[in-house]
$ cat data.txt   # compact mmCIF, C-alpha atoms
# COMPACT_ATOMS: atom_id res chain seq x y z
CA MET O 1 4.49 -11.39 17.97
CA ARG O 2 3.60 -10.52 14.36
CA TRP O 3 0.30 -11.53 12.80
CA GLN O 4 2.11 -13.85 10.36
CA ASP O 5 3.47 -15.82 13.30
CA ARG O 6 0.12 -16.00 15.14
CA CYS O 7 -1.95 -16.91 12.12
CA VAL O 8 -1.70 -20.71 12.26
CA ASN O 9 -2.42 -20.85 15.98
CA GLU O 10 -5.50 -18.66 15.66
CA LEU O 11 -6.85 -20.77 12.79
CA LEU O 12 -6.12 -23.95 14.74
CA LYS O 13 -7.95 -22.62 17.82
CA ARG O 14 -11.08 -22.33 15.72
CA ASN O 15 -10.66 -25.74 14.05
CA LEU O 16 -10.71 -24.24 10.56
CA PHE O 17 -8.35 -26.68 8.86
CA LEU O 18 -10.27 -29.50 7.23
CA SER O 19 -7.50 -32.03 7.80
CA ILE O 20 -3.97 -32.32 9.11
CA VAL O 21 -2.79 -32.35 5.50
CA HIS O 22 -4.58 -29.06 4.87
CA LEU O 23 -2.74 -27.60 7.87
CA GLU O 24 0.62 -28.98 6.76
CA ARG O 25 0.27 -27.62 3.22
CA PHE O 26 -0.76 -24.21 4.56
CA GLU O 27 2.18 -24.10 6.99
CA GLN O 28 4.62 -25.14 4.25
CA ILE O 29 3.47 -22.41 1.88
CA LEU O 30 3.26 -19.85 4.67
CA GLN O 31 6.87 -20.51 5.70
CA MET O 32 7.93 -20.04 2.10
CA VAL O 33 6.41 -16.57 1.70
CA LYS O 34 5.59 -14.97 5.04
CA GLU O 35 8.65 -12.70 4.87
CA GLU O 36 8.04 -11.59 1.27
CA SER O 37 6.94 -8.04 0.55
CA PHE O 38 3.90 -9.27 -1.39
CA PHE O 39 2.61 -11.29 1.58
CA THR O 40 -0.53 -9.64 2.91
CA LYS O 41 -3.54 -10.82 4.84
CA GLY O 42 -5.35 -11.20 1.51
CA VAL O 43 -2.60 -13.45 0.17
CA CYS O 44 -2.73 -15.43 3.41
CA LYS O 45 -6.47 -15.98 2.95
CA CYS O 46 -5.84 -17.26 -0.58
CA LEU O 47 -3.21 -19.67 0.70
CA PHE O 48 -5.68 -21.04 3.24
CA LEU O 49 -8.25 -21.57 0.48
CA LEU O 50 -5.82 -23.18 -1.96
CA SER O 51 -3.92 -25.36 0.49
CA TRP O 52 -6.97 -27.57 0.87
CA GLU O 53 -6.40 -29.18 -2.55
CA PRO O 54 -3.01 -30.76 -3.36
CA GLU O 55 -3.04 -29.66 -7.01
CA LYS O 56 -3.98 -26.05 -6.21
CA ALA O 57 -1.41 -25.90 -3.40
CA SER O 58 1.29 -27.09 -5.80
CA GLN O 59 0.21 -24.60 -8.47
CA VAL O 60 0.19 -21.65 -6.09
CA GLN O 61 3.63 -22.65 -4.76
CA GLU O 62 4.94 -22.51 -8.33
CA ILE O 63 3.37 -19.10 -8.84
CA LEU O 64 4.80 -17.81 -5.55
CA MET O 65 8.24 -19.10 -6.52
CA GLU O 66 7.91 -17.25 -9.83
CA MET O 67 7.06 -14.11 -7.90
CA LYS O 68 10.08 -14.52 -5.66
CA ASP O 69 12.39 -15.25 -8.61
CA LYS O 70 11.12 -12.25 -10.60
CA GLY O 71 11.15 -9.97 -7.58
CA ALA O 72 7.44 -9.35 -8.09
CA CYS O 73 6.15 -7.54 -5.06
CA GLU O 74 2.61 -6.80 -6.14
CA LYS O 75 -0.39 -8.99 -5.56
CA GLU O 76 -1.42 -8.11 -9.13
CA TYR O 77 0.78 -11.00 -10.21
CA LEU O 78 -1.45 -13.36 -8.22
CA ILE O 79 -4.59 -11.74 -9.60
CA GLN O 80 -3.35 -12.37 -13.13
CA ALA O 81 -2.49 -15.97 -12.19
CA ALA O 82 -6.11 -16.68 -11.18
CA ASN O 83 -6.93 -18.06 -14.62
CA ARG O 84 -4.09 -20.58 -14.28
CA LEU O 85 -5.44 -21.74 -10.93
CA PHE O 86 -9.13 -22.01 -11.76
CA PRO O 87 -10.59 -23.58 -14.91
CA ASN O 88 -13.80 -22.24 -16.39
CA GLU O 89 -16.12 -24.67 -14.60
CA GLN O 90 -18.89 -23.34 -12.35
CA PRO O 91 -17.63 -24.63 -8.97
CA GLU O 92 -14.16 -23.38 -9.86
CA GLN O 93 -15.55 -19.95 -10.69
CA VAL O 94 -16.93 -19.56 -7.17
CA MET O 95 -13.53 -20.47 -5.73
CA LYS O 96 -11.92 -18.03 -8.16
CA GLN O 97 -14.32 -15.31 -7.02
CA LEU O 98 -13.34 -15.94 -3.38
CA PHE O 99 -9.65 -15.91 -4.33
CA LEU O 100 -9.98 -12.61 -6.21
CA GLU O 101 -12.06 -10.96 -3.50
CA PHE O 102 -9.50 -11.93 -0.86
CA LEU O 103 -6.83 -10.20 -2.95
CA THR O 104 -8.71 -7.14 -4.10
CA LYS O 105 -10.74 -6.33 -1.00
CA GLU O 106 -8.12 -6.41 1.75
CA GLY O 107 -9.61 -6.32 5.21
CA GLU O 108 -13.01 -7.57 4.07
CA THR O 109 -14.68 -10.95 4.08
CA PRO O 110 -16.86 -11.75 1.07
CA ASP O 111 -20.59 -12.13 1.61
CA GLU O 112 -21.68 -15.65 2.51
CA ASN O 113 -24.01 -15.69 -0.50
CA VAL O 114 -20.97 -16.52 -2.60
CA LEU O 115 -21.18 -20.05 -1.16
CA LEU O 116 -24.52 -20.66 -2.88
CA GLY O 117 -22.70 -21.44 -6.12
CA LEU O 118 -20.45 -24.10 -4.59
CA SER O 119 -20.98 -27.80 -5.06
CA PHE O 120 -21.80 -29.86 -1.99
CA THR O 121 -18.21 -31.16 -1.83
CA ARG O 122 -16.78 -27.65 -1.55
CA ILE O 123 -19.12 -26.02 0.94
CA ASP O 124 -16.85 -26.90 3.87
CA ILE O 125 -13.75 -25.26 2.41
CA GLY O 126 -15.73 -22.23 1.29
CA ASP O 127 -17.34 -21.79 4.68
CA ASN O 128 -14.06 -22.29 6.52
CA ALA O 129 -12.28 -19.90 4.15
CA LEU O 130 -14.80 -17.18 5.01
CA GLU O 131 -14.30 -17.78 8.72
CA ALA O 132 -10.50 -17.88 8.24
CA SER O 133 -10.83 -14.53 6.49
CA ARG O 134 -12.51 -13.04 9.55
CA VAL O 135 -9.86 -14.53 11.85
CA ILE O 136 -6.96 -13.28 9.73
CA ASP O 137 -8.46 -9.80 9.46
CA ALA O 138 -8.81 -9.66 13.25
CA LEU O 139 -5.10 -10.32 13.81
CA SER O 140 -3.42 -7.10 14.84
CA ILE O 141 -0.45 -5.99 12.78
CA LYS O 142 2.62 -5.73 14.98

$ encode --input "data.txt" --output "structure tokens"
Amino acid sequence: MRWQDRCVNELLKRNLFLSIVHLERFEQILQMVKEESFFTKGVCKCLFLLSWEPEKASQVQEILMEMKDKGACEKEYLIQAANRLFPNEQPEQVMKQLFLEFLTKEGETPDENVLLGLSFTRIDIGDNALEASRVIDALSIK
């Protein structure tokens, strides 16, 4: 079984989804893009992070649809879209940093110190996103 197909189960085993809605949004987006050439473990980590918030999940779905429609196969498109996803407020900048590190440093999990800049209400998603990153990286590519 491919890593894309094992991803949800591995994240579920570790109770990393913050709610059933978080899980459902993630699964919906994953099904939309898991066969696309631009879908990587880094993109998967970003989807986990963004699927927590309804507005961000909707925005990233739009961006992914744009990528599919334009035949964009590079994650650079997502990197450029980061400014659309994250306003210039401090808590958003930490989430943006996580998002960009997931895309630009494939196979790595950002240092936990990045969480120090998060507001109290976002610590859970930040912490779970880091653990999801480790889980996703550990999935063997088959």

$ residues_around --input "data.txt" --residues "Pro54 of chain O" --least-positions-apart "3" --cutoff "12 Å" --atoms "all atoms listed in the file" --output "PyMOL selection string"
chain O and resi 21-26+29+47+49-51+57-61

$ closest_residue --input "data.txt" --among "O:Glu131, O:Glu101, O:Glu36, O:Glu106" --to "Lys68 of chain O" --atoms "only C-alpha atoms"
O:Glu36

$ atom_distance --input "data.txt" --atom1 "atom CA of Phe99 of chain O" --atom2 "atom CA of Cys73 of chain O"
17.9 Å

$ closest_residue --input "data.txt" --among "O:Lys45, O:Arg2, O:Lys13, O:Lys70" --to "Ile125 of chain O" --atoms "all atoms listed in the file"
O:Lys45

$ residues_around --input "data.txt" --residues "Val33 of chain O" --least-positions-apart "2" --cutoff "10 Å" --atoms "all atoms listed in the file" --output "list in words"
Gln28, Ile29, Leu30, Gln31, Glu35, Glu36, Ser37, Phe38, Phe39, Thr40, Val43, Cys44, Gln61, Leu64, Met65, Met67 and Lys68 of chain O

$ atom_distance --input "data.txt" --atom1 "atom CA of Pro110 of chain O" --atom2 "atom CA of Arg134 of chain O"
9.6 Å

$ decode --input "data.txt" --residues "segment 112-135 of chain O" --atoms "N, CA, C and O atoms" --output "short mmCIF file (atom, residue, chain, number, x, y, z; two decimals), in the first residue's frame"
data_model
loop_
_atom_site.label_atom_id
_atom_site.label_comp_id
_atom_site.auth_asym_id
_atom_site.auth_seq_id
_atom_site.Cartn_x
_atom_site.Cartn_y
_atom_site.Cartn_z
N GLU O 112 10.76 22.50 17.31
CA GLU O 112 9.61 22.80 18.16
C GLU O 112 9.61 24.24 18.68
O GLU O 112 8.58 24.75 19.10
N ASN O 113 10.74 24.91 18.62
CA ASN O 113 10.80 26.30 19.06
C ASN O 113 9.90 27.21 18.25
O ASN O 113 9.53 28.29 18.71
N VAL O 114 9.54 26.77 17.05
CA VAL O 114 8.64 27.57 16.23
C VAL O 114 7.30 27.78 16.94
O VAL O 114 6.64 28.79 16.76
N LEU O 115 6.92 26.85 17.79
CA LEU O 115 5.64 26.94 18.49
C LEU O 115 5.60 28.08 19.52
O LEU O 115 4.51 28.50 19.94
N LEU O 116 6.76 28.58 19.92
CA LEU O 116 6.80 29.63 20.93
C LEU O 116 6.07 30.89 20.48
O LEU O 116 5.57 31.65 21.31
N GLY O 117 5.98 31.12 19.19
CA GLY O 117 5.31 32.31 18.68
C GLY O 117 3.81 32.14 18.49
O GLY O 117 3.13 33.08 18.09
N LEU O 118 3.28 30.97 18.77
CA LEU O 118 1.85 30.73 18.58
C LEU O 118 1.03 31.23 19.76
O LEU O 118 1.49 31.19 20.90
N SER O 119 -0.18 31.66 19.46
CA SER O 119 -1.09 32.02 20.54
C SER O 119 -1.56 30.75 21.23
O SER O 119 -1.47 29.65 20.67
N PHE O 120 -2.09 30.89 22.41
CA PHE O 120 -2.56 29.76 23.20
C PHE O 120 -3.57 28.91 22.42
O PHE O 120 -3.56 27.69 22.50
N THR O 121 -4.41 29.56 21.63
CA THR O 121 -5.46 28.84 20.90
C THR O 121 -4.93 28.02 19.74
O THR O 121 -5.65 27.18 19.20
N ARG O 122 -3.69 28.22 19.36
CA ARG O 122 -3.13 27.50 18.22
C ARG O 122 -2.02 26.52 18.58
O ARG O 122 -1.48 25.86 17.70
N ILE O 123 -1.70 26.43 19.83
CA ILE O 123 -0.63 25.52 20.25
C ILE O 123 -0.96 24.08 19.86
O ILE O 123 -0.11 23.35 19.36
N ASP O 124 -2.20 23.66 20.09
CA ASP O 124 -2.59 22.28 19.78
C ASP O 124 -2.36 21.93 18.33
O ASP O 124 -1.78 20.89 18.02
N ILE O 125 -2.82 22.79 17.41
CA ILE O 125 -2.65 22.46 15.99
C ILE O 125 -1.18 22.51 15.60
O ILE O 125 -0.70 21.68 14.84
N GLY O 126 -0.44 23.44 16.15
CA GLY O 126 0.99 23.50 15.85
C GLY O 126 1.72 22.27 16.33
O GLY O 126 2.51 21.66 15.60
N ASP O 127 1.45 21.87 17.56
CA ASP O 127 2.08 20.69 18.14
C ASP O 127 1.70 19.43 17.36
O ASP O 127 2.55 18.61 17.03
N ASN O 128 0.42 19.29 17.05
CA ASN O 128 -0.03 18.12 16.29
C ASN O 128 0.52 18.13 14.87
O ASN O 128 0.81 17.07 14.31
N ALA O 129 0.67 19.30 14.28
CA ALA O 129 1.24 19.38 12.94
C ALA O 129 2.69 18.91 12.93
O ALA O 129 3.13 18.24 11.99
N LEU O 130 3.44 19.25 13.97
CA LEU O 130 4.82 18.78 14.05
C LEU O 130 4.88 17.26 14.20
O LEU O 130 5.69 16.59 13.56
N GLU O 131 3.99 16.72 15.03
CA GLU O 131 3.96 15.26 15.19
C GLU O 131 3.47 14.59 13.90
O GLU O 131 4.00 13.56 13.50
N ALA O 132 2.48 15.19 13.23
CA ALA O 132 2.01 14.65 11.95
C ALA O 132 3.15 14.66 10.93
O ALA O 132 3.29 13.73 10.13
N SER O 133 3.98 15.67 10.98
CA SER O 133 5.13 15.75 10.09
C SER O 133 6.05 14.55 10.29
O SER O 133 6.50 13.92 9.32
N ARG O 134 6.31 14.23 11.54
CA ARG O 134 7.17 13.08 11.84
C ARG O 134 6.53 11.78 11.34
O ARG O 134 7.21 10.92 10.77
N VAL O 135 5.23 11.64 11.55
CA VAL O 135 4.51 10.44 11.13
C VAL O 135 4.54 10.31 9.60
O VAL O 135 4.83 9.25 9.05
#
